[in-house]
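Chemist: Below you'll find the structure I mean.
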Amino acid sequence: MNLSSEISERLWLAVRATYEAGNFSGAILDSINFLGDVIRDKSGLDSDGVALIGPAFSGTNPVIKINSLQTQSDQDNQKGVHFLLMGLYSAIRNPRSHGKRSDTVESANAIICFVDYLLGLIDKARSPFDAEQMMEKVLDPLFSPRDRK
């Protein structure tokens with residue numbers, strides 16, 4: 001597998017050095033650290049690990065909503081992504097952060113591809129309303145209205 005062609009360019013840039021050096025455990029950690037940075041940026045929260053994932057994705061009004069949360073299926077989907085992220089930190093990141101691990105290229109490929117999948121979900125998710133961003137769009141100097149007939 002050519003990992004660089006299987007994942008997003010930005011994730012590849014985050015893991016490339018450690019991955020190409022053969023430090024597959026380090027590349028896994030780099031991918032999860034990058035995921036955490038994306039979640040912090042999107043949510044505006046400062047914590048890390050499960051302390052970040054809980055407030056960002058759980059509850060009746062999570063900071064990052066992966067869908068409209070209108071139906072039971074939507075709510076279950078949100079909860080599932082929350083649990084997947086909690087598991088990623090608890091079962092994958094923490095053992096590599098707190099102890100010596102030696103992962104294979106196959107393990108690294110699978111986990112990094114999974115992180116890329118999660119990044120795709122988060123990219124599509126809604127983040128909190130930001131008035132400044134909205135005003136930038138409204139006052140865009142390149143905006144040209146369409147005539148609707």
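Letters for chains follow the order of the structure tokens (A, B, ...), residue numbers begin at 1 for each chain, and ligand numbers begin at 1 in the order shown.
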Quick one: residues within 12 Å of A:Arg101, only C-alpha atoms, excluding same-chain residues fewer than 3 positions away - as an MDAnalysis selection string?
Modeler: chainID A and resid 23:29 92:98 104 107:108
Chemist: Within 12 Å of A:Asp48, counting only C-alpha atoms, which residues qualify if same-chain residues fewer than 2 places away don't, as a list in words?
Modeler: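 Once the nearby chain positions are removed, what remains is Ile32, Asn33, Phe34, Leu35, Gly36, Asp37, Val38, Ile39, Arg40, Asp41, Ser43, Gly44, Leu45, Asp46, Val50, Ala51, Leu52, Ile53, Gly54, Pro55, Ala56, Leu85, Met86, Tyr89, Ser90, Arg93 and Asn94 of chain A.
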Chemist: Name the residues of chain A that fall into helix (DSSP H, G or I) according to DSSP on the backbone, using the chain letters and numbers of this document, as a PyMOL selection string.
Modeler: chain A and resi 3-6+9-20+24-43+50-57+72-98+105-124+131-138
Chemist: Just want the 9 Å neighbourhood of stretch 69-78 of chain A, counted on only C-alpha atoms, with same-chain residues fewer than 5 positions away dropped. Output as a PyMOL selection string.
Modeler: chain A and resi 57-58+60-62+83
Chemist: Quick one: distance from atom CA of A:Val81 to atom CA of A:Ile64 in Å, one decimal?
Modeler: 10.8 Å
Chemist: Quote the spacing between atom CA of A:Ser102 and atom CA of A:Glu9 in Å to one decimal place.
Modeler: 25.0 Å
Chemist: Kindly give the distance, in Å, that separates atom CA of A:Leu13 and atom CA of A:Gly49, rounded to a single decimal.
Modeler: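 It comes out at 21.5 Å.
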Chemist: List the spatial neighbours of A:Asp123 as a VMD selection string - criterion: any atom at most 9 Å away, only C-alpha atoms, same-chain residues fewer than 5 positions off excluded.
Modeler: chain A and resid 38 42 66 118
Chemist: Find, counting only C-alpha atoms, the residue in A:Lys65, A:Gly99, A:Lys79, A:Asn2 that gets nearest to A:Arg126.
Modeler: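 Smallest separation from A:Arg126 among the options: A:Lys65.
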